[in-house]
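Structure below is start_6.cif: mmCIF, C-alpha atoms and all ligand atoms.
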```cif
data_model
loop_
_atom_site.label_atom_id
_atom_site.label_comp_id
_atom_site.auth_asym_id
_atom_site.auth_seq_id
_atom_site.Cartn_x
_atom_site.Cartn_y
_atom_site.Cartn_z
CA MET A 1 65.30 -69.95 -12.26
CA ILE A 2 63.04 -72.89 -11.53
CA SER A 3 60.44 -74.37 -13.88
CA VAL A 4 56.71 -73.70 -13.72
CA GLU A 5 56.08 -77.28 -12.60
CA GLU A 6 58.63 -77.05 -9.79
CA ALA A 7 57.18 -73.72 -8.65
CA GLN A 8 53.68 -75.24 -8.63
CA ALA A 9 54.92 -78.25 -6.67
CA ARG A 10 56.74 -76.10 -4.08
CA ILE A 11 53.73 -73.84 -3.63
CA THR A 12 51.15 -76.62 -3.26
CA ALA A 13 53.46 -78.48 -0.85
CA ALA A 14 53.38 -75.44 1.44
CA PHE A 15 49.61 -75.72 2.04
CA SER A 16 47.35 -78.25 3.69
CA PRO A 17 43.55 -78.31 4.14
CA ILE A 18 42.39 -75.69 6.63
CA ASP A 19 39.78 -76.01 9.37
CA THR A 20 36.12 -76.72 8.75
CA GLU A 21 32.72 -75.21 9.48
CA THR A 22 29.21 -76.65 9.27
CA MET A 23 26.88 -74.84 6.88
CA ASP A 24 23.15 -75.11 6.22
CA LEU A 25 22.04 -76.55 2.90
CA GLY A 26 21.11 -73.09 1.57
CA HIS A 27 24.69 -71.90 1.98
CA LEU A 28 26.55 -74.88 0.54
CA ALA A 29 26.77 -73.81 -3.12
CA ALA A 30 30.39 -73.51 -4.32
CA ARG A 31 31.77 -74.65 -0.95
CA VAL A 32 34.21 -77.58 -0.71
CA LEU A 33 33.13 -80.62 1.30
CA ALA A 34 35.38 -81.67 4.18
CA GLU A 35 33.72 -85.09 4.50
CA ASP A 36 31.58 -87.47 2.44
CA VAL A 37 27.86 -86.69 2.41
CA ARG A 38 25.38 -89.59 2.49
CA ALA A 39 21.72 -89.83 1.52
CA ARG A 40 19.20 -89.93 4.36
CA TYR A 41 16.53 -91.73 2.28
CA ASP A 42 16.21 -93.93 -0.79
CA GLN A 43 15.36 -91.85 -3.86
CA PRO A 44 12.67 -92.42 -4.89
CA PRO A 45 11.70 -93.57 -1.37
CA PHE A 46 9.09 -95.99 -2.82
CA ALA A 47 8.33 -97.54 -6.21
CA ALA A 48 6.65 -94.74 -8.14
CA SER A 49 4.90 -94.31 -11.47
CA ALA A 50 6.85 -92.41 -14.14
CA MET A 51 3.63 -91.66 -16.08
CA ASP A 52 -0.01 -90.64 -15.71
CA GLY A 53 -2.17 -93.73 -16.29
CA TYR A 54 -3.27 -96.89 -14.51
CA ALA A 55 -1.42 -99.30 -12.24
CA VAL A 56 -2.23 -102.89 -13.26
CA ARG A 57 -1.10 -106.49 -12.84
CA LEU A 58 0.97 -107.94 -15.71
CA SER A 59 -0.43 -111.42 -15.08
CA ASP A 60 -3.96 -110.25 -16.01
CA GLY A 61 -2.88 -110.00 -19.65
CA ASP A 62 -5.31 -108.12 -21.90
CA GLN A 63 -8.51 -108.70 -19.91
CA PRO A 64 -10.49 -105.54 -18.92
CA ARG A 65 -9.80 -104.15 -15.42
CA GLN A 66 -12.02 -102.53 -12.87
CA VAL A 67 -10.69 -99.25 -11.47
CA ILE A 68 -10.85 -99.43 -7.67
CA GLY A 69 -9.08 -96.23 -6.61
CA SER A 70 -6.77 -93.35 -7.42
CA VAL A 71 -3.17 -92.45 -6.46
CA PRO A 72 -2.14 -88.83 -6.98
CA ALA A 73 1.47 -87.99 -5.98
CA GLY A 74 1.63 -87.64 -2.22
CA HIS A 75 -1.50 -89.77 -1.58
CA PRO A 76 -0.62 -93.49 -1.44
CA PHE A 77 -3.40 -96.04 -2.09
CA ILE A 78 -4.54 -97.90 0.98
CA GLY A 79 -5.39 -101.36 -0.26
CA TYR A 80 -4.35 -104.02 -2.73
CA VAL A 81 -4.74 -104.38 -6.50
CA GLY A 82 -6.20 -107.86 -6.96
CA PRO A 83 -6.73 -109.90 -10.16
CA GLY A 84 -8.76 -107.97 -12.74
CA GLU A 85 -8.30 -104.68 -10.89
CA ALA A 86 -6.49 -101.40 -11.63
CA VAL A 87 -5.80 -98.13 -9.82
CA ARG A 88 -5.72 -94.72 -11.46
CA ILE A 89 -2.19 -93.34 -10.91
CA PHE A 90 -0.36 -90.09 -11.61
CA THR A 91 3.33 -89.32 -12.19
CA GLY A 92 5.15 -89.62 -8.87
CA GLY A 93 2.33 -91.59 -7.25
CA ALA A 94 3.37 -94.60 -5.11
CA LEU A 95 2.79 -97.93 -6.89
CA PRO A 96 -0.02 -99.71 -5.02
CA ASP A 97 0.61 -103.18 -3.56
CA GLY A 98 -0.31 -105.91 -6.02
CA ALA A 99 0.38 -103.80 -9.16
CA ASP A 100 3.54 -104.35 -11.17
CA ALA A 101 2.99 -102.39 -14.41
CA ILE A 102 1.58 -99.13 -15.78
CA VAL A 103 -0.64 -98.43 -18.78
CA ILE A 104 -0.47 -94.74 -19.82
CA GLN A 105 -3.82 -93.00 -20.11
CA GLU A 106 -3.41 -92.30 -23.84
CA ASP A 107 -3.55 -96.10 -24.46
CA VAL A 108 -6.67 -96.68 -22.36
CA ARG A 109 -10.37 -96.78 -23.33
CA ARG A 110 -12.42 -96.09 -20.24
CA ASP A 111 -16.08 -96.86 -19.77
CA GLY A 112 -17.37 -96.06 -16.28
CA ASP A 113 -15.06 -97.86 -13.86
CA MET A 114 -13.88 -100.36 -16.51
CA ILE A 115 -10.73 -99.89 -18.65
CA ARG A 116 -9.50 -101.71 -21.76
CA PHE A 117 -6.19 -101.54 -23.64
CA ASP A 118 -3.98 -103.53 -25.99
CA PRO A 119 -1.52 -105.93 -24.28
CA HIS A 120 1.54 -104.15 -25.72
CA ALA A 121 0.50 -101.01 -23.74
CA ILE A 122 1.33 -102.70 -20.41
CA ARG A 123 4.77 -101.45 -19.35
CA ALA A 124 6.78 -102.48 -16.28
CA ASP A 125 9.49 -99.94 -17.17
CA TYR A 126 7.14 -97.04 -16.38
CA ILE A 127 7.78 -97.90 -12.73
CA ARG A 128 10.71 -96.23 -10.97
CA PRO A 129 11.85 -98.73 -8.32
CA ALA A 130 12.66 -97.46 -4.84
CA GLY A 131 16.30 -96.34 -4.73
CA LEU A 132 16.56 -96.00 -8.53
CA ASP A 133 18.47 -92.71 -8.22
CA PHE A 134 20.32 -93.50 -4.99
CA GLU A 135 19.86 -95.57 -1.85
CA LYS A 136 19.82 -94.51 1.79
CA ASP A 137 23.38 -94.09 3.13
CA ALA A 138 24.86 -93.98 -0.37
CA VAL A 139 27.68 -91.43 -0.70
CA LEU A 140 26.14 -88.61 -2.72
CA LEU A 141 29.24 -86.40 -2.79
CA GLU A 142 32.79 -87.13 -1.69
CA ALA A 143 35.04 -85.06 0.54
CA GLY A 144 36.96 -82.59 -1.60
CA LYS A 145 34.06 -81.97 -3.97
CA ARG A 146 33.27 -78.36 -4.79
CA ILE A 147 29.48 -78.21 -4.62
CA SER A 148 27.97 -77.33 -8.00
CA ALA A 149 24.45 -76.12 -8.74
CA ARG A 150 23.56 -79.69 -9.77
CA ASP A 151 25.03 -81.01 -6.55
CA MET A 152 22.76 -78.66 -4.59
CA ALA A 153 19.67 -80.34 -6.03
CA LEU A 154 21.19 -83.77 -5.35
CA LEU A 155 21.89 -82.91 -1.70
CA ALA A 156 18.35 -81.60 -1.24
CA ALA A 157 16.93 -84.76 -2.83
CA GLY A 158 18.92 -86.79 -0.30
CA ASP A 159 17.31 -84.74 2.50
CA VAL A 160 20.69 -83.34 3.53
CA THR A 161 20.20 -80.29 5.75
CA HIS A 162 23.80 -79.30 6.45
CA ALA A 163 27.36 -80.39 5.73
CA LYS A 164 30.89 -79.86 6.94
CA VAL A 165 32.90 -77.72 4.52
CA ARG A 166 36.32 -76.10 4.50
CA ARG A 167 36.40 -72.53 5.77
CA ARG A 168 37.15 -70.08 2.97
CA PRO A 169 40.87 -69.33 3.27
CA ARG A 170 41.60 -65.62 3.78
CA VAL A 171 43.89 -64.22 1.10
CA ALA A 172 45.24 -60.71 1.75
CA ILE A 173 46.08 -58.61 -1.31
CA ALA A 174 48.59 -55.74 -1.07
CA SER A 175 49.07 -53.54 -4.16
CA ILE A 176 52.52 -51.98 -4.10
CA GLY A 177 53.64 -48.86 -5.96
CA ASP A 178 53.93 -45.05 -5.59
CA GLU A 179 52.20 -44.67 -8.94
CA LEU A 180 48.99 -46.44 -7.89
CA SER A 181 45.70 -44.89 -6.85
CA ALA A 182 42.25 -46.40 -6.45
CA PRO A 183 40.00 -46.27 -9.55
CA GLY A 184 38.09 -42.97 -9.42
CA ALA A 185 40.55 -41.32 -7.00
CA PRO A 186 42.54 -38.28 -8.21
CA ARG A 187 45.48 -39.40 -10.39
CA LYS A 188 49.02 -38.66 -9.23
CA PRO A 189 51.47 -37.23 -11.79
CA GLY A 190 52.87 -40.31 -13.53
CA GLY A 191 50.15 -42.35 -11.87
CA ILE A 192 47.81 -45.12 -12.98
CA ALA A 193 44.78 -46.86 -11.49
CA ALA A 194 45.53 -49.92 -9.36
CA SER A 195 43.70 -52.51 -11.46
CA THR A 196 45.10 -55.96 -10.81
CA GLY A 197 43.70 -56.27 -7.28
CA TYR A 198 40.15 -56.10 -8.64
CA GLY A 199 40.75 -59.01 -11.01
CA LEU A 200 42.50 -60.93 -8.27
CA THR A 201 39.68 -60.34 -5.78
CA ALA A 202 37.16 -61.75 -8.24
CA MET A 203 39.37 -64.76 -8.99
CA ILE A 204 39.94 -65.57 -5.32
CA THR A 205 36.20 -65.38 -4.65
CA ALA A 206 35.44 -67.65 -7.62
CA TRP A 207 38.04 -70.17 -6.45
CA GLY A 208 36.55 -70.38 -2.96
CA GLY A 209 38.81 -68.04 -1.02
CA ALA A 210 37.92 -64.96 1.02
CA PRO A 211 39.88 -62.02 -0.39
CA CYS A 212 40.80 -59.14 1.93
CA ASP A 213 42.20 -55.90 0.62
CA PHE A 214 45.37 -54.77 2.40
CA GLY A 215 45.27 -51.58 0.32
CA ILE A 216 47.82 -49.72 -1.76
CA LEU A 217 51.28 -49.47 -0.21
CA PRO A 218 53.88 -46.94 -1.39
CA ASP A 219 57.34 -48.04 -2.49
CA THR A 220 59.05 -47.77 0.90
CA VAL A 221 60.59 -50.57 2.91
CA GLN A 222 58.70 -49.46 6.04
CA GLU A 223 55.28 -49.43 4.37
CA ILE A 224 55.76 -52.72 2.54
CA ALA A 225 56.97 -54.38 5.75
CA THR A 226 53.52 -53.73 7.27
CA ILE A 227 52.15 -56.71 5.31
CA ALA A 228 53.63 -58.78 8.16
CA ASP A 229 50.52 -57.62 10.08
CA ALA A 230 48.07 -59.14 7.58
CA LYS A 231 45.81 -61.69 9.26
CA ALA A 232 45.43 -64.22 6.50
CA GLU A 233 46.20 -67.78 5.43
CA LEU A 234 48.10 -66.35 2.43
CA VAL A 235 49.44 -62.90 1.61
CA VAL A 236 49.67 -61.89 -2.04
CA THR A 237 51.69 -58.85 -3.07
CA LEU A 238 51.31 -57.16 -6.44
CA GLY A 239 54.39 -55.47 -7.91
CA GLY A 240 57.80 -54.63 -6.51
CA ALA A 241 59.02 -58.16 -7.25
CA SER A 242 61.60 -57.38 -9.93
CA VAL A 243 65.13 -55.98 -9.91
CA GLY A 244 64.58 -52.19 -10.07
CA ASP A 245 65.75 -49.77 -7.34
CA HIS A 246 62.11 -49.39 -6.26
CA ASP A 247 61.17 -53.09 -6.39
CA LEU A 248 61.41 -53.48 -2.68
CA VAL A 249 59.33 -56.48 -1.63
CA GLN A 250 62.29 -58.71 -0.80
CA LYS A 251 64.23 -55.90 0.86
CA ALA A 252 61.23 -54.91 2.97
CA LEU A 253 60.60 -58.48 4.01
CA GLY A 254 64.29 -58.82 4.91
CA SER A 255 63.53 -56.75 8.02
CA THR A 256 60.92 -59.32 9.11
CA ASP A 257 61.16 -63.06 9.74
CA PHE A 258 60.74 -63.74 6.02
CA ALA A 259 62.20 -66.94 4.55
CA LEU A 260 62.44 -67.01 0.76
CA ASP A 261 61.55 -70.30 -0.92
CA PHE A 262 62.17 -69.22 -4.51
CA TRP A 263 62.38 -66.11 -6.68
CA LYS A 264 62.06 -66.17 -10.48
CA VAL A 265 60.37 -68.79 -12.61
CA ALA A 266 61.34 -69.71 -16.17
CA MET A 267 58.15 -68.37 -17.68
CA ARG A 268 56.79 -65.49 -19.73
CA PRO A 269 55.00 -63.49 -18.50
CA GLY A 270 55.63 -63.79 -14.78
CA LYS A 271 59.37 -64.30 -14.39
CA PRO A 272 59.88 -62.28 -11.17
CA LEU A 273 57.38 -64.38 -9.15
CA LEU A 274 58.51 -64.97 -5.59
CA PHE A 275 57.33 -67.31 -2.87
CA GLY A 276 58.29 -67.61 0.76
CA ARG A 277 57.05 -67.52 4.31
CA LEU A 278 56.50 -64.58 6.64
CA GLY A 279 56.64 -66.32 10.00
CA ASN A 280 53.92 -68.93 9.54
CA THR A 281 52.17 -67.14 6.69
CA PRO A 282 53.00 -68.06 3.09
CA ILE A 283 53.57 -65.05 0.86
CA LEU A 284 53.20 -65.07 -2.91
CA GLY A 285 54.80 -62.08 -4.62
CA LEU A 286 53.17 -61.57 -8.01
CA PRO A 287 54.89 -59.45 -10.66
CA GLY A 288 53.60 -55.92 -11.15
CA ASN A 289 52.57 -56.10 -14.79
CA PRO A 290 48.84 -56.83 -14.57
CA VAL A 291 48.73 -59.62 -17.16
CA SER A 292 51.76 -61.28 -15.57
CA ALA A 293 50.11 -61.11 -12.16
CA LEU A 294 46.79 -62.56 -13.31
CA VAL A 295 48.43 -65.34 -15.35
CA CYS A 296 50.54 -66.21 -12.29
CA ALA A 297 47.38 -66.22 -10.17
CA ILE A 298 45.78 -68.80 -12.47
CA LEU A 299 48.90 -70.97 -12.41
CA PHE A 300 50.00 -70.63 -8.78
CA LEU A 301 47.38 -68.98 -6.59
CA ARG A 302 44.52 -71.22 -7.66
CA PRO A 303 46.39 -74.43 -6.76
CA ALA A 304 47.35 -72.86 -3.41
CA ILE A 305 43.68 -72.17 -2.65
CA ASP A 306 42.75 -75.66 -3.88
CA ALA A 307 45.33 -77.15 -1.51
CA MET A 308 43.87 -75.20 1.43
CA LEU A 309 40.37 -76.33 0.47
CA GLY A 310 41.47 -79.95 -0.03
CA THR A 311 39.73 -80.08 -3.42
CA GLN A 312 39.79 -83.25 -5.48
CA GLN A 313 42.64 -83.41 -7.97
CA HIS A 314 42.09 -81.89 -11.37
CA THR A 315 42.73 -83.95 -14.45
CA CYS A 316 45.02 -81.96 -16.65
CA SER A 317 46.19 -82.43 -20.22
CA LEU A 318 45.24 -85.43 -22.33
CA SER A 319 48.34 -87.40 -21.43
CA GLN A 320 49.12 -86.66 -17.80
CA LYS A 321 47.47 -86.02 -14.48
CA PHE A 322 48.94 -83.53 -12.10
CA LYS A 323 47.78 -81.16 -9.45
CA CYS A 324 48.12 -77.84 -11.18
CA GLY A 325 44.86 -76.16 -10.32
CA CYS A 326 43.99 -75.42 -13.93
CA HIS A 327 42.54 -77.47 -16.72
CA THR A 328 44.63 -77.76 -19.84
CA SER A 329 43.22 -78.85 -23.14
CA HIS A 330 44.31 -78.90 -26.77
CA ALA A 331 43.61 -76.90 -29.91
CA ARG A 332 45.03 -76.57 -33.43
CA LEU A 333 47.41 -73.66 -33.88
CA LYS A 334 46.05 -70.96 -36.18
CA GLY A 335 49.16 -69.21 -37.47
CA GLU A 336 52.83 -69.96 -36.95
CA LEU A 337 55.12 -69.56 -33.97
CA PRO A 338 58.92 -69.28 -33.85
CA ALA A 339 60.99 -71.68 -31.75
CA ASN A 340 60.68 -70.86 -28.04
CA ASP A 341 63.55 -69.95 -25.71
CA SER A 342 64.08 -71.55 -22.31
CA ARG A 343 61.05 -69.89 -20.66
CA GLN A 344 57.59 -71.46 -20.72
CA SER A 345 55.29 -68.98 -22.47
CA TYR A 346 51.62 -68.31 -21.96
CA LEU A 347 50.32 -66.54 -25.06
CA ARG A 348 46.95 -64.87 -24.96
CA ALA A 349 44.88 -66.46 -27.75
CA ARG A 350 41.40 -66.42 -29.25
CA LEU A 351 39.60 -69.70 -29.96
CA SER A 352 37.40 -70.58 -32.94
CA HIS A 353 35.69 -73.68 -34.36
CA GLU A 354 36.58 -74.82 -37.86
CA GLY A 355 36.13 -78.19 -39.52
CA GLY A 356 34.93 -79.75 -36.29
CA GLU A 357 38.05 -78.72 -34.39
CA VAL A 358 39.02 -75.98 -31.95
CA TRP A 359 41.69 -73.56 -33.21
CA ALA A 360 43.80 -71.19 -31.13
CA GLU A 361 45.17 -68.00 -32.64
CA PRO A 362 47.67 -66.04 -30.51
CA TYR A 363 47.18 -62.26 -30.48
CA LEU A 364 49.95 -60.26 -32.11
CA ALA A 365 50.01 -57.97 -29.05
CA GLN A 366 51.43 -59.92 -26.11
CA ASP A 367 52.68 -57.06 -23.92
CA SER A 368 52.14 -57.97 -20.28
CA SER A 369 50.57 -54.58 -19.50
CA MET A 370 47.67 -55.12 -21.92
CA LEU A 371 44.57 -55.97 -19.94
CA SER A 372 42.34 -55.35 -23.00
CA VAL A 373 43.92 -58.37 -24.70
CA LEU A 374 43.73 -60.57 -21.62
CA ALA A 375 40.08 -59.62 -21.10
CA GLU A 376 39.20 -60.49 -24.70
CA ALA A 377 41.27 -63.71 -24.90
CA ASP A 378 39.58 -67.11 -24.70
CA ALA A 379 42.67 -69.09 -23.65
CA LEU A 380 46.34 -69.08 -22.79
CA LEU A 381 48.37 -71.01 -25.35
CA VAL A 382 51.22 -72.82 -23.62
CA ARG A 383 54.66 -72.92 -25.28
CA HIS A 384 57.02 -75.28 -23.52
CA PRO A 385 60.67 -74.35 -22.95
CA ASN A 386 62.74 -74.79 -26.13
CA ALA A 387 59.69 -75.85 -28.15
CA PRO A 388 60.57 -75.98 -31.87
CA GLU A 389 58.84 -73.77 -34.46
CA ALA A 390 55.16 -74.54 -34.72
CA LYS A 391 53.16 -74.58 -37.95
CA ARG A 392 49.51 -73.99 -38.70
CA GLY A 393 47.52 -77.04 -37.63
CA ASP A 394 50.01 -78.26 -35.02
CA LEU A 395 48.43 -79.42 -31.78
CA ALA A 396 48.87 -76.81 -29.04
CA GLU A 397 48.22 -77.01 -25.30
CA ILE A 398 45.77 -74.40 -24.04
CA ILE A 399 44.35 -73.25 -20.71
CA PRO A 400 40.80 -72.04 -21.36
CA LEU A 401 40.04 -68.75 -19.61
CA ASP A 402 36.27 -69.14 -19.31
CA GLY A 403 35.21 -68.39 -15.77
CA PHE A 404 38.13 -66.05 -15.14
N1 LIG B 501 65.85 -54.75 -15.83
C1 LIG B 501 64.75 -55.51 -15.72
N2 LIG B 501 63.56 -54.91 -15.66
C2 LIG B 501 62.45 -55.65 -15.56
C3 LIG B 501 62.54 -57.05 -15.52
C4 LIG B 501 63.82 -57.65 -15.55
O1 LIG B 501 63.97 -58.90 -15.50
N3 LIG B 501 64.89 -56.84 -15.63
N4 LIG B 501 61.41 -57.77 -15.47
C5 LIG B 501 60.24 -57.15 -16.08
C6 LIG B 501 59.12 -57.98 -15.85
S1 LIG B 501 59.08 -59.40 -16.77
C7 LIG B 501 58.10 -57.61 -15.04
S2 LIG B 501 56.70 -58.63 -14.91
C8 LIG B 501 58.11 -56.41 -14.26
C9 LIG B 501 57.70 -56.77 -12.85
O2 LIG B 501 58.26 -55.94 -11.96
P1 LIG B 501 57.70 -55.68 -10.52
O3 LIG B 501 57.06 -56.90 -9.95
O4 LIG B 501 58.78 -55.10 -9.74
O5 LIG B 501 56.52 -54.66 -10.80
P2 LIG B 501 56.51 -53.09 -10.75
O6 LIG B 501 57.80 -52.56 -11.28
O7 LIG B 501 56.09 -52.66 -9.43
O8 LIG B 501 55.35 -52.80 -11.77
C10 LIG B 501 55.46 -53.19 -13.14
C11 LIG B 501 54.34 -52.48 -13.90
O9 LIG B 501 53.09 -52.89 -13.44
C12 LIG B 501 52.33 -51.80 -12.97
N5 LIG B 501 51.56 -52.21 -11.79
C13 LIG B 501 52.09 -52.62 -10.62
N6 LIG B 501 51.10 -52.91 -9.76
C14 LIG B 501 49.95 -52.67 -10.39
C15 LIG B 501 48.58 -52.79 -10.03
N7 LIG B 501 48.20 -53.22 -8.80
N8 LIG B 501 47.64 -52.47 -10.94
C16 LIG B 501 48.02 -52.02 -12.17
N9 LIG B 501 49.29 -51.92 -12.58
C17 LIG B 501 50.25 -52.23 -11.70
C18 LIG B 501 53.35 -50.75 -12.64
O10 LIG B 501 52.82 -49.45 -12.67
C19 LIG B 501 54.38 -50.96 -13.71
O11 LIG B 501 53.99 -50.34 -14.91
O12 LIG B 501 59.37 -55.85 -14.27
C20 LIG B 501 59.98 -55.76 -15.58
N10 LIG B 501 61.22 -55.02 -15.49
O1 LIG B 502 57.47 -61.60 -16.32
MO1 LIG B 502 57.01 -60.06 -17.01
O2 LIG B 502 55.75 -60.81 -16.36
O3 LIG B 502 57.17 -60.99 -18.61
O4 LIG B 502 56.02 -58.88 -17.89
#
```

Let me see whether you can do it: turn the structure in this file into structure tokens.
Ligand SMILES: Nc1nc2c(c(=O)[nH]1)N[C@H]1C(S)=C(S)[C@@H](COP(=O)(O)OP(=O)(O)OC[C@H]3O[C@@H](n4cnc5c(N)ncnc54)[C@H](O)[C@@H]3O)O[C@H]1N2
Ligand code: MOO
Amino acid sequence: MISVEEAQARITAAFSPIDTETMDLGHLAARVLAEDVRARYDQPPFAASAMDGYAVRLSDGDQPRQVIGSVPAGHPFIGYVGPGEAVRIFTGGALPDGADAIVIQEDVRRDGDMIRFDPHAIRADYIRPAGLDFEKDAVLLEAGKRISARDMALLAAGDVTHAKVRRRPRVAIASIGDELSAPGAPRKPGGIAASTGYGLTAMITAWGGAPCDFGILPDTVQEIATIADAKAELVVTLGGASVGDHDLVQKALGSTDFALDFWKVAMRPGKPLLFGRLGNTPILGLPGNPVSALVCAILFLRPAIDAMLGTQQHTCSLSQKFKCGCHTSHARLKGELPANDSRQSYLRARLSHEGGEVWAEPYLAQDSSMLSVLAEADALLVRHPNAPEAKRGDLAEIIPLDGF
């Protein structure tokens, strides 16, 4: 059995960034940039007032000024503010030539077209210089960035109309097992609803992939071998990965041009994970138990999708940086844990705040069939191979599950 880290490294090494497409601004949210995006204008494009008030000249000191015009946003003043003059200005209005400070209207006494104010009310810092936010041609977002909601506003501010992004990689999902039927379909004797594929579909979408359902395949070599027909950048199988007489994924793929990279990872849950290549298509065989499959998806499928999207590296753990596709963090252990064996464990845990710190409490029920526990959990608590007993208050590594 190989380690989790080696499995992650072998999987990510098997993928490289896929082809690109150009998308309009309105369709860029959550996409991954394939090249740097630059601003098309300075922002703000001109020196602008940050307040409603009057544009004045600092050098006039506290002498009264004559108001010679008005500058609402979008209507620049045509002219020049000379000695002893001021221009009415509104937030976002372009600073008129000759002015170099703002007095806010609350500090002004106005009488006809004359204004008076105390000298301390004259403020140069109420002017936003041109390019304060960013300058023309500045890189707004770098290649590899997944475009957030905040990034969308930034791109629009830079007058960006379209950008080159990575195509969403197609990920085919095949659910394997005689016992499975679609939710809502009549149950077979000894049958259950095929559930994992729904969680996986949502995860793949959230991570920037395009999931495609290859359906439910019965436990026969012939049926399972049909996944060789899947048109996808990555094929994911669910179930049939273990050692039972009916766990047939490897046997079925043996009749195709399948090349196994590895089978079995020293982890719990998720041990029977397999990875290989069907012709040119990578295939990730996730274990059947639903919690095992979804934990493996977080640890192995997400980095595979990241590698295809060419996303920027994640910073993981307080002490080390590695490309794992998930963010790890730390919490205090609430409870006690026995020494671990040689498999890396991912315990479903709830988080709480106490005494200014985050605490992680593993659930007593850790069976890898229990989706109710996984759905309720806030984090996976990571136990490294051969970790010694852990006491209440010990620092524990966690993978927060928010967003999954
Ligand atoms: N003798 C051994 N038995 C098992 C071992 C082992 O090492 N030796 N490993 C166990 C572990 S750990 C796991 S995980 C499972 C994984 O086995 P498979 O990948 O072959 O999965 P299946 O047998 O097909 O299914 C296991 C379980 O999960 C249910 N399942 C499968 N697919 C779905 C789905 N899409 N949605 C919901 N539930 C699903 C299936 O009905 C089974 O109950 O093997 C252990 N056994
Ligand atoms: O690997 Mo299994 O995933 O422990 O239930």

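Between atom CA of Pro290 of chain A and atom C18 of ligand LIG 501 (chain B) the interatomic distance comes to 7.8 Å.
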
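With all atoms listed in the file as the atoms that count, the residue of A:Asp133, A:Pro96, A:His384, A:Glu85 with the shortest distance to Gln43 of chain A is A:Asp133.
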
Taking all atoms listed in the file into account, which residues are within 8 Å of ligand LIG 501 (chain B), as a PyMOL selection string?
chain A and resi 175-177+179-180+191-197+216+238-244+246-248+268-273+285-290+292-293+368-369

Just want the 6 Å neighbourhood of Val67 of chain A, counted on only C-alpha atoms, with same-chain residues fewer than 6 positions away dropped. Output as a PyMOL selection string.
chain A and resi 85-87+113

Ala297 of chain A proximity check over A:Leu381, A:Met51, A:Ile173, A:Ala360, using all atoms listed in the file: winner is A:Ile173

Edge lengths and centre, in Å to one decimal, as JSON: that's what I need for the box along x, y and z that holds all listed atoms of ligand LIG 502 (chain B) plus 6 Å on each side.
```
{"center_x": 56.6, "center_y": -60.2, "center_z": -17.5, "size_x": 13.7, "size_y": 14.7, "size_z": 14.3}
```

For the atom pair atom CA of Arg65 of chain A and atom CA of Asp100 of chain A, what is the interatomic distance in Å to one decimal place?
14.0 Å

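Contact shell of Pro385 of chain A at 6 Å (only C-alpha atoms; same-chain neighbours under 2 positions omitted): Asp341, Ser342, Arg343, Gln344 and Ala387 of chain A.
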
Taking 3 positions as the minimum chain separation for residues in the same chain, which residues sit within 10 Å of Glu35 of chain A when counting all atoms listed in the file? Answer as a VMD selection string.
chain A and resid 20 32 38 141 to 145 163 to 166
